[in-house]
$ cat start13.cif   # mmCIF, C-alpha atoms
data_query
#
loop_
_atom_site.label_atom_id
_atom_site.label_comp_id
_atom_site.auth_asym_id
_atom_site.auth_seq_id
_atom_site.Cartn_x
_atom_site.Cartn_y
_atom_site.Cartn_z
CA MET A 1 -118.03 -46.48 -104.15
CA PRO A 2 -119.39 -47.31 -107.63
CA HIS A 3 -119.80 -51.01 -106.84
CA LEU A 4 -121.64 -50.19 -103.59
CA ALA A 5 -124.01 -47.89 -105.49
CA GLU A 6 -124.85 -50.67 -107.94
CA LEU A 7 -125.48 -53.15 -105.11
CA LEU A 8 -127.65 -50.72 -103.13
CA ASP A 9 -129.58 -49.82 -106.29
CA LYS A 10 -130.51 -53.50 -106.72
CA LEU A 11 -131.17 -54.11 -103.02
CA GLY A 12 -133.04 -50.93 -102.10
CA THR A 13 -135.65 -50.89 -104.83
CA ASN A 14 -138.38 -49.29 -102.67
CA GLU A 15 -138.44 -45.62 -101.86
CA GLY A 16 -137.62 -44.68 -98.28
CA THR A 17 -135.68 -46.35 -95.46
CA HIS A 18 -136.23 -50.04 -94.79
CA ALA A 19 -134.88 -52.66 -92.40
CA VAL A 20 -133.18 -55.72 -93.89
CA ALA A 21 -132.55 -59.28 -92.71
CA VAL A 22 -129.62 -58.30 -90.48
CA PRO A 23 -130.74 -56.64 -87.20
CA GLY A 24 -129.82 -52.98 -86.88
CA VAL A 25 -129.09 -52.54 -90.60
CA LYS A 26 -131.21 -50.34 -92.89
CA VAL A 27 -131.11 -49.43 -96.56
CA THR A 28 -132.24 -46.04 -97.86
CA ARG A 29 -133.34 -44.94 -101.33
CA ILE A 30 -134.58 -41.37 -101.82
CA SER A 31 -135.36 -39.98 -105.26
CA LYS A 32 -136.24 -36.40 -104.33
CA PRO A 33 -133.87 -33.66 -103.14
CA GLU A 34 -134.27 -32.22 -99.66
CA ARG A 35 -133.54 -28.60 -98.83
CA ARG A 36 -131.92 -27.83 -95.51
CA HIS A 37 -134.25 -29.02 -92.75
CA PRO A 38 -134.07 -30.03 -89.06
CA VAL A 39 -133.79 -33.72 -88.17
CA LEU A 40 -132.83 -35.73 -85.13
CA TYR A 41 -130.07 -38.23 -85.89
CA GLU A 42 -129.93 -41.35 -83.77
CA PRO A 43 -126.64 -43.17 -82.88
CA MET A 44 -125.58 -44.88 -86.12
CA ILE A 45 -122.89 -45.33 -88.76
CA VAL A 46 -123.89 -44.34 -92.30
CA PHE A 47 -122.30 -45.19 -95.64
CA ILE A 48 -123.47 -43.58 -98.89
CA GLY A 49 -123.19 -45.38 -102.19
CA GLN A 50 -124.51 -42.53 -104.33
CA SER A 51 -125.09 -38.78 -103.86
CA SER A 52 -124.03 -36.94 -100.69
CA LYS A 53 -125.44 -35.25 -97.59
CA ARG A 54 -124.48 -32.11 -95.74
CA VAL A 55 -125.06 -31.89 -92.01
CA TYR A 56 -125.12 -28.52 -90.25
CA LEU A 57 -124.52 -28.24 -86.51
CA GLY A 58 -123.62 -24.95 -84.95
CA GLY A 59 -121.23 -23.26 -87.34
CA GLU A 60 -119.82 -26.58 -88.57
CA VAL A 61 -120.68 -28.40 -91.80
CA LEU A 62 -120.09 -32.14 -92.15
CA ARG A 63 -120.26 -33.74 -95.58
CA TYR A 64 -120.54 -37.47 -96.12
CA ASP A 65 -120.70 -39.20 -99.47
CA ALA A 66 -119.36 -42.21 -101.38
CA ASP A 67 -115.88 -41.49 -99.99
CA HIS A 68 -116.80 -40.46 -96.44
CA TYR A 69 -118.90 -42.09 -93.73
CA LEU A 70 -120.81 -40.53 -90.82
CA ALA A 71 -120.83 -41.82 -87.23
CA LEU A 72 -122.79 -40.74 -84.15
CA SER A 73 -122.62 -42.06 -80.59
CA VAL A 74 -125.51 -40.03 -79.08
CA PRO A 75 -128.74 -38.56 -80.53
CA ILE A 76 -127.98 -35.14 -82.01
CA PRO A 77 -130.40 -32.60 -83.54
CA VAL A 78 -128.93 -31.28 -86.78
CA GLU A 79 -130.00 -29.75 -90.07
CA CYS A 80 -129.26 -31.61 -93.29
CA GLU A 81 -129.74 -31.33 -97.04
CA PHE A 82 -128.98 -33.43 -100.09
CA GLU A 83 -129.46 -33.71 -103.83
CA ALA A 84 -131.33 -36.66 -105.35
CA SER A 85 -133.38 -37.50 -108.43
CA ILE A 86 -135.14 -40.47 -110.00
CA ASP A 87 -132.14 -40.96 -112.29
CA LYS A 88 -129.63 -40.53 -109.46
CA PRO A 89 -131.27 -41.36 -106.11
CA LEU A 90 -129.58 -41.10 -102.75
CA LEU A 91 -128.51 -44.66 -101.84
CA ALA A 92 -127.29 -45.36 -98.31
CA LEU A 93 -126.66 -48.08 -95.74
CA SER A 94 -126.94 -47.42 -92.00
CA LEU A 95 -125.93 -49.49 -88.97
CA ALA A 96 -127.36 -48.85 -85.51
CA VAL A 97 -124.69 -48.22 -82.89
CA GLU A 98 -124.76 -51.00 -80.29
CA PRO A 99 -122.74 -50.17 -77.15
CA GLY A 100 -122.56 -53.88 -76.25
CA MET A 101 -120.87 -54.76 -79.54
CA LEU A 102 -118.47 -51.82 -79.22
CA ALA A 103 -117.50 -52.90 -75.69
CA GLU A 104 -117.07 -56.53 -76.74
CA ILE A 105 -114.67 -55.53 -79.51
CA LEU A 106 -112.59 -53.37 -77.20
CA VAL A 107 -112.47 -56.15 -74.59
CA THR A 108 -111.31 -58.60 -77.27
CA LEU A 109 -108.59 -56.14 -78.26
CA ASP A 110 -107.57 -56.04 -74.58
CA GLU A 111 -107.33 -52.27 -74.64
CA PRO A 112 -107.02 -50.41 -71.34
CA ASP A 113 -110.20 -48.96 -69.86
CA ARG A 114 -110.14 -45.30 -70.84
CA THR A 115 -112.41 -43.91 -68.16
CA GLU A 116 -110.57 -40.58 -68.31
CA GLY A 117 -109.46 -38.40 -71.18
CA ALA A 118 -110.75 -35.62 -73.39
CA VAL A 119 -114.47 -35.54 -74.12
CA PRO A 120 -115.04 -36.19 -77.86
CA ARG A 121 -117.69 -34.76 -80.17
CA GLY A 122 -120.65 -37.14 -80.53
CA ILE A 123 -120.70 -36.95 -84.33
CA TYR A 124 -118.07 -36.93 -87.07
CA ALA A 125 -117.53 -37.58 -90.77
CA ASN A 126 -114.34 -39.23 -91.95
CA ALA A 127 -112.78 -40.55 -95.16
CA THR A 128 -113.62 -44.23 -95.70
CA PRO A 129 -110.48 -46.44 -95.71
CA LEU A 130 -110.20 -49.21 -98.30
CA GLU A 131 -110.59 -52.05 -95.77
CA LEU A 132 -113.77 -50.46 -94.42
CA ARG A 133 -115.14 -49.91 -97.94
CA ASN A 134 -114.55 -53.56 -98.78
CA ALA A 135 -116.35 -54.73 -95.62
CA VAL A 136 -119.37 -52.52 -96.42
CA VAL A 137 -119.53 -53.94 -99.95
CA ARG A 138 -119.38 -57.50 -98.58
CA LEU A 139 -122.24 -56.73 -96.19
CA VAL A 140 -124.47 -55.44 -99.01
CA GLU A 141 -123.55 -58.46 -101.15
CA CYS A 142 -124.47 -60.67 -98.20
CA LEU A 143 -127.89 -58.97 -97.86
CA ALA A 144 -128.90 -60.28 -101.28
CA SER A 145 -129.17 -63.78 -99.77
CA THR A 146 -131.38 -64.63 -96.79
CA ASP A 147 -129.11 -67.49 -95.72
CA ASP A 148 -125.96 -65.39 -96.09
CA SER A 149 -127.62 -62.63 -94.06
CA LYS A 150 -128.45 -65.05 -91.25
CA ILE A 151 -125.04 -66.70 -91.10
CA LEU A 152 -122.63 -63.96 -92.15
CA GLY A 153 -124.48 -60.69 -91.62
CA ARG A 154 -123.68 -60.05 -87.98
CA GLN A 155 -120.05 -61.12 -88.47
CA ILE A 156 -119.57 -58.56 -91.22
CA VAL A 157 -121.35 -55.87 -89.17
CA ARG A 158 -118.92 -56.63 -86.35
CA GLU A 159 -115.99 -56.24 -88.76
CA ILE A 160 -117.35 -52.90 -89.97
CA VAL A 161 -117.73 -51.64 -86.40
CA TYR A 162 -114.21 -52.84 -85.59
CA ARG A 163 -112.75 -50.99 -88.57
CA VAL A 164 -114.65 -47.82 -87.67
CA LEU A 165 -113.30 -48.07 -84.11
CA MET A 166 -109.78 -48.41 -85.47
CA ASP A 167 -110.28 -45.46 -87.82
CA GLU A 168 -112.27 -42.90 -85.89
CA PRO A 169 -110.39 -39.64 -85.27
CA GLY A 170 -112.15 -38.36 -82.17
CA GLY A 171 -112.77 -41.57 -80.26
CA THR A 172 -116.51 -40.96 -79.79
CA LEU A 173 -117.52 -44.62 -80.22
CA ARG A 174 -114.57 -45.69 -78.08
CA ALA A 175 -115.70 -43.25 -75.40
CA LEU A 176 -119.16 -44.82 -75.46
CA ALA A 177 -117.77 -48.36 -75.28
CA SER A 178 -115.01 -47.77 -72.74
CA ARG A 179 -117.27 -45.65 -70.54
CA ASN A 180 -115.14 -42.53 -70.60
CA ASP A 181 -116.31 -40.93 -67.38
CA GLN A 182 -116.94 -37.38 -68.60
CA PHE A 183 -118.47 -38.54 -71.88
CA MET A 184 -120.73 -41.09 -70.17
CA ARG A 185 -122.00 -38.48 -67.73
CA ILE A 186 -123.11 -36.35 -70.68
CA ALA A 187 -124.53 -39.39 -72.53
CA ARG A 188 -126.62 -40.32 -69.47
CA VAL A 189 -128.00 -36.79 -69.23
CA VAL A 190 -128.84 -36.88 -72.95
CA GLN A 191 -130.81 -40.10 -72.34
CA GLN A 192 -132.61 -38.47 -69.41
CA ILE A 193 -133.54 -35.44 -71.52
CA HIS A 194 -135.10 -37.77 -74.11
CA ALA A 195 -137.04 -39.56 -71.37
CA GLU A 196 -138.11 -36.46 -69.41
CA TYR A 197 -138.27 -33.65 -72.00
CA ALA A 198 -141.79 -32.67 -70.87
CA ARG A 199 -140.54 -31.86 -67.34
CA PRO A 200 -139.12 -28.44 -66.41
CA LEU A 201 -135.39 -29.20 -66.65
CA GLY A 202 -132.88 -26.50 -65.77
CA VAL A 203 -129.15 -26.45 -66.35
CA GLU A 204 -128.48 -26.60 -62.61
CA GLU A 205 -130.49 -29.81 -62.22
CA LEU A 206 -128.92 -31.41 -65.28
CA ALA A 207 -125.42 -30.45 -64.12
CA LYS A 208 -126.16 -31.99 -60.73
CA ARG A 209 -127.28 -35.21 -62.40
CA ALA A 210 -124.01 -35.26 -64.33
CA GLY A 211 -122.05 -34.64 -61.15
CA MET A 212 -120.41 -31.54 -62.65
CA SER A 213 -120.32 -27.86 -61.97
CA VAL A 214 -122.65 -25.83 -64.15
CA SER A 215 -119.76 -24.39 -66.18
CA ALA A 216 -118.07 -27.79 -66.68
CA PHE A 217 -121.38 -29.41 -67.62
CA HIS A 218 -122.26 -26.68 -70.10
CA HIS A 219 -118.81 -26.92 -71.72
CA ASN A 220 -118.76 -30.73 -71.96
CA PHE A 221 -122.36 -30.95 -73.16
CA LYS A 222 -121.61 -28.52 -75.98
CA VAL A 223 -118.46 -30.46 -76.93
CA VAL A 224 -120.46 -33.70 -77.30
CA THR A 225 -123.65 -32.38 -78.92
CA ALA A 226 -122.47 -29.12 -80.55
CA THR A 227 -125.27 -27.26 -78.78
CA SER A 228 -126.08 -25.96 -75.30
CA PRO A 229 -128.15 -28.07 -72.86
CA LEU A 230 -131.20 -25.79 -73.04
CA GLN A 231 -131.06 -25.51 -76.83
CA TYR A 232 -130.80 -29.30 -77.04
CA LEU A 233 -133.85 -29.67 -74.77
CA LYS A 234 -135.79 -27.19 -76.87
CA ASN A 235 -134.89 -29.03 -80.08
CA ILE A 236 -136.05 -32.35 -78.65
CA ARG A 237 -139.33 -30.82 -77.45
CA LEU A 238 -140.06 -29.29 -80.87
CA HIS A 239 -139.25 -32.52 -82.73
CA GLN A 240 -141.48 -34.48 -80.37
CA ALA A 241 -144.29 -31.94 -80.69
CA ARG A 242 -144.19 -32.28 -84.47
CA LEU A 243 -144.41 -36.07 -84.15
CA LEU A 244 -147.42 -35.74 -81.83
CA MET A 245 -149.24 -33.48 -84.27
CA VAL A 246 -148.51 -35.72 -87.26
CA HIS A 247 -149.10 -39.14 -85.69
CA SER A 248 -151.27 -38.65 -82.60
CA GLY A 249 -153.78 -36.03 -83.68
CA HIS A 250 -152.61 -33.30 -81.30
CA ASN A 251 -153.24 -29.69 -82.20
CA ALA A 252 -150.62 -27.03 -81.57
CA SER A 253 -151.90 -26.19 -78.09
CA THR A 254 -152.09 -29.77 -76.78
CA ALA A 255 -148.74 -30.67 -78.39
CA ALA A 256 -147.11 -27.67 -76.74
CA THR A 257 -148.41 -28.71 -73.33
CA ALA A 258 -147.48 -32.35 -73.88
CA VAL A 259 -143.83 -31.52 -74.51
CA GLY A 260 -143.48 -29.09 -71.61
CA TYR A 261 -144.30 -25.63 -72.96
CA GLU A 262 -146.30 -23.38 -70.63
CA SER A 263 -146.84 -20.73 -73.29
CA ALA A 264 -148.53 -21.70 -76.57
CA SER A 265 -147.39 -18.43 -78.18
CA GLN A 266 -143.76 -19.10 -77.24
CA PHE A 267 -144.11 -22.63 -78.63
CA GLY A 268 -145.50 -21.25 -81.90
CA ARG A 269 -142.67 -18.73 -82.27
CA GLU A 270 -139.93 -21.25 -81.56
CA PHE A 271 -141.54 -23.90 -83.77
CA LYS A 272 -141.74 -21.53 -86.74
CA ARG A 273 -138.18 -20.35 -86.16
CA MET A 274 -136.96 -23.94 -86.29
CA PHE A 275 -139.14 -25.49 -89.01
CA GLY A 276 -139.99 -22.44 -91.13
CA SER A 277 -143.78 -22.70 -90.77
CA SER A 278 -146.36 -22.58 -87.99
CA PRO A 279 -147.20 -25.82 -86.11
CA THR A 280 -150.62 -26.00 -87.78
CA GLU A 281 -149.23 -25.37 -91.27
CA GLU A 282 -146.41 -27.87 -90.81
CA ALA A 283 -148.64 -30.64 -89.50
CA ALA A 284 -151.22 -30.08 -92.26
CA ALA A 285 -148.54 -30.15 -94.97
CA ILE A 286 -147.05 -33.38 -93.67
CA ARG A 287 -150.45 -35.08 -93.32
CA ALA A 288 -151.31 -34.04 -96.88
CA ARG A 289 -148.09 -35.58 -98.18
CA LEU A 290 -148.69 -38.74 -96.18
CA ALA A 291 -152.22 -38.99 -97.59
CA THR A 292 -150.85 -38.98 -101.13
CA GLY A 293 -148.66 -41.99 -100.33
CA ASP A 294 -145.42 -40.02 -100.33
CA THR A 295 -143.09 -42.72 -98.99
CA GLN A 296 -140.22 -40.30 -98.52
CA THR A 297 -142.34 -38.26 -96.12
CA ARG A 298 -143.71 -41.39 -94.43
CA ASP A 299 -140.26 -42.78 -93.72
CA ARG A 300 -139.01 -39.50 -92.30
CA TRP A 301 -141.74 -39.50 -89.66
CA VAL A 302 -140.75 -42.57 -87.70
CA PRO A 303 -139.65 -42.37 -84.05
CA GLU A 304 -135.97 -42.58 -85.05
CA MET A 305 -136.51 -39.38 -87.06
CA ALA A 306 -133.60 -40.11 -89.40
CA ALA A 307 -131.95 -43.27 -90.65
CA GLY A 308 -129.13 -41.71 -92.58
#

$ encode --input "start13.cif" --output "structure tokens"
Amino acid sequence: MPHLAELLDKLGTNEGTHAVAVPGVKVTRISKPERRHPVLYEPMIVFIGQSSKRVYLGGEVLRYDADHYLALSVPIPVECEFEASIDKPLLALSLAVEPGMLAEILVTLDEPDRTEGAVPRGIYANATPLELRNAVVRLVECLASTDDSKILGRQIVREIVYRVLMDEPGGTLRALASRNDQFMRIARVVQQIHAEYARPLGVEELAKRAGMSVSAFHHNFKVVTATSPLQYLKNIRLHQARLLMVHSGHNASTAATAVGYESASQFGREFKRMFGSSPTEEAAAIRARLATGDTQTRDRWVPEMAAG
């Protein structure tokens, strides 16, 4: 999308990820490459104007770039990497996924309530159709004007969401909006894990909350999130522990306890396995980068963890 890249280059002049005048919309500019690293992606739709990203989950690799968009319906821990430079920064636009808007569009279309059906993956990358590309360009053009953003912004966002709904291959956003029974059971458990990650949560308890057998729950959870329930819980705990150490002054021991680890040594091993350095080393490195005014680091360490 050459035209989109030019528009985002003019709009997103500051390094990092920033909200704009239209609620739920953010613009990203990153001028440094990132090697493969763990992040937690929130529900969103992402369009890239320049450069590309690779997302790793399980044994699968998703690539999204100027010709492909990324969509998520539930929070998913992944690993990602991308190339960027001062001369050719990563330029992206992200839209928060709003279940209410999704449901409203499906109601307007008068589609049948799909409470049953196959459980879709909670994340996908797909080629960007021309009509969707044009709508994204019009949204970025609109963002250049405060008045246009106020009057037209939400209408264009709604069009973009509609076109994504019409295009998506796996039906993950449709499942969220139409309250596909199996999918929604998993989505509710995912929300509960995020709210209660510090509690001792076993697969049996989570399966019971989902109203499924342990085997059915394990299978459906892995279909949606590309990881097992316990691995997902561990990922969330480690991400949250890192946030506590960076932003709240916790040391490794108190962070481990705060996120539900009984063994500090186990926490240290699993943290290093995931992030490549010890909790103390990782927190010190991030604080040092924050102290130098590194906006790329600053914008990565917000509660959303990743904005595209």

$ closest_residue --input "start13.cif" --among "A:Ala284, A:Thr13, A:Leu95, A:Gly58" --to "Lys26 of chain A" --atoms "only C-alpha atoms"
A:Leu95

$ closest_residue --input "start13.cif" --among "A:Ala285, A:Leu7, A:Val25, A:Val164" --to "Ala125 of chain A" --atoms "all atoms listed in the file"
A:Val164

$ resolve_selection --input "start13.cif" --expression "the PyMOL selection byres ((chain A and resi 119) around 12)" --output "PyMOL selection string"
chain A and resi 114-118+120-122+170-176+179-187+216-217+219-225

$ atom_distance --input "start13.cif" --atom1 "atom CA of Lys32 of chain A" --atom2 "atom CA of Leu90 of chain A"
8.3 Å

$ resolve_selection --input "start13.cif" --expression "the PyMOL selection byres ((chain A and resi 279) around 9)" --output "ChimeraX atom specification"
/A:241-242,245,251-252,267-268,271-272,275,277-278,280-284

$ resolve_selection --input "start13.cif" --expression "the PyMOL selection byres ((chain A and resi 130) around 12)" --output "PDB file with C-alpha atoms, in the coordinates of the input"
ATOM      1  CA  MET A   1    -118.030 -46.480-104.150  1.00  0.00           C
ATOM      2  CA  ALA A  66    -119.360 -42.210-101.380  1.00  0.00           C
ATOM      3  CA  ASP A  67    -115.880 -41.490 -99.990  1.00  0.00           C
ATOM      4  CA  HIS A  68    -116.800 -40.460 -96.440  1.00  0.00           C
ATOM      5  CA  ALA A 127    -112.780 -40.550 -95.160  1.00  0.00           C
ATOM      6  CA  THR A 128    -113.620 -44.230 -95.700  1.00  0.00           C
ATOM      7  CA  PRO A 129    -110.480 -46.440 -95.710  1.00  0.00           C
ATOM      8  CA  GLU A 131    -110.590 -52.050 -95.770  1.00  0.00           C
ATOM      9  CA  LEU A 132    -113.770 -50.460 -94.420  1.00  0.00           C
ATOM     10  CA  ARG A 133    -115.140 -49.910 -97.940  1.00  0.00           C
ATOM     11  CA  ASN A 134    -114.550 -53.560 -98.780  1.00  0.00           C
ATOM     12  CA  ALA A 135    -116.350 -54.730 -95.620  1.00  0.00           C
ATOM     13  CA  VAL A 136    -119.370 -52.520 -96.420  1.00  0.00           C
ATOM     14  CA  VAL A 137    -119.530 -53.940 -99.950  1.00  0.00           C
ATOM     15  CA  ILE A 160    -117.350 -52.900 -89.970  1.00  0.00           C
ATOM     16  CA  ARG A 163    -112.750 -50.990 -88.570  1.00  0.00           C
ATOM     17  CA  VAL A 164    -114.650 -47.820 -87.670  1.00  0.00           C
ATOM     18  CA  ASP A 167    -110.280 -45.460 -87.820  1.00  0.00           C
TER      19      ASP A 167
END

$ closest_residue --input "start13.cif" --among "A:Ala226, A:Ala258, A:Leu238, A:Leu152" --to "Ala198 of chain A" --atoms "all atoms listed in the file"
A:Ala258

$ atom_distance --input "start13.cif" --atom1 "atom CA of Lys150 of chain A" --atom2 "atom CA of Pro43 of chain A"
23.5 Å

$ closest_residue --input "start13.cif" --among "A:Ala144, A:Val22, A:Leu233, A:Val214" --to "Ile156 of chain A" --atoms "only C-alpha atoms"
A:Val22

$ residues_around --input "start13.cif" --residues "Arg199 of chain A" --least-positions-apart "2" --cutoff "8 Å" --atoms "only C-alpha atoms" --output "ChimeraX atom specification"
/A:196-197,201,259-260

$ residues_around --input "start13.cif" --residues "Gly59 of chain A" --least-positions-apart "2" --cutoff "12 Å" --atoms "only C-alpha atoms" --output "compact mmCIF listing (two decimals) with C-alpha atoms, in the frame of the given file"
# COMPACT_ATOMS: atom_id res chain seq x y z
CA VAL A 55 -125.06 -31.89 -92.01
CA TYR A 56 -125.12 -28.52 -90.25
CA LEU A 57 -124.52 -28.24 -86.51
CA VAL A 61 -120.68 -28.40 -91.80
CA LEU A 62 -120.09 -32.14 -92.15
CA VAL A 78 -128.93 -31.28 -86.78
CA GLU A 79 -130.00 -29.75 -90.07
CA ALA A 226 -122.47 -29.12 -80.55
CA THR A 227 -125.27 -27.26 -78.78

$ atom_distance --input "start13.cif" --atom1 "atom CA of Gln155 of chain A" --atom2 "atom CA of Ser178 of chain A"
21.2 Å

$ residues_around --input "start13.cif" --residues "Tyr124 of chain A" --least-positions-apart "5" --cutoff "7 Å" --atoms "only C-alpha atoms" --output "number ranges by chain"
A: 70-72

$ closest_atom_pairs --input "start13.cif" --of "segment 80-172 of chain A" --to "segment 34-42 of chain A" --cutoff "9 Å" --atoms "all atoms listed in the file" --output "CSV"
residue,atom,partner,partner_atom,distance
A:Cys80,CA,A:Arg36,CA,5.1
A:Glu81,CA,A:Arg36,CA,4.4
A:Phe82,CA,A:Glu34,CA,5.4
A:Glu83,CA,A:Glu34,CA,6.5
A:Ala84,CA,A:Glu34,CA,7.8
A:Ala96,CA,A:Glu42,CA,8.1
A:Val97,CA,A:Glu42,CA,8.7

$ write_last_selection --input "start13.cif" --atoms "C-alpha atoms" --output "PDB file, keeping the file's coordinate frame"
ATOM      1  CA  CYS A  80    -129.260 -31.610 -93.290  1.00  0.00           C
ATOM      2  CA  GLU A  81    -129.740 -31.330 -97.040  1.00  0.00           C
ATOM      3  CA  PHE A  82    -128.980 -33.430-100.090  1.00  0.00           C
ATOM      4  CA  GLU A  83    -129.460 -33.710-103.830  1.00  0.00           C
ATOM      5  CA  ALA A  84    -131.330 -36.660-105.350  1.00  0.00           C
ATOM      6  CA  ALA A  96    -127.360 -48.850 -85.510  1.00  0.00           C
ATOM      7  CA  VAL A  97    -124.690 -48.220 -82.890  1.00  0.00           C
TER       8      VAL A  97
END

$ closest_residue --input "start13.cif" --among "A:Leu243, A:Ala177, A:Ala21, A:Leu206" --to "Val107 of chain A" --atoms "all atoms listed in the file"
A:Ala177

$ closest_residue --input "start13.cif" --among "A:Ser85, A:Ala92, A:His250, A:Ile45" --to "Leu165 of chain A" --atoms "only C-alpha atoms"
A:Ile45
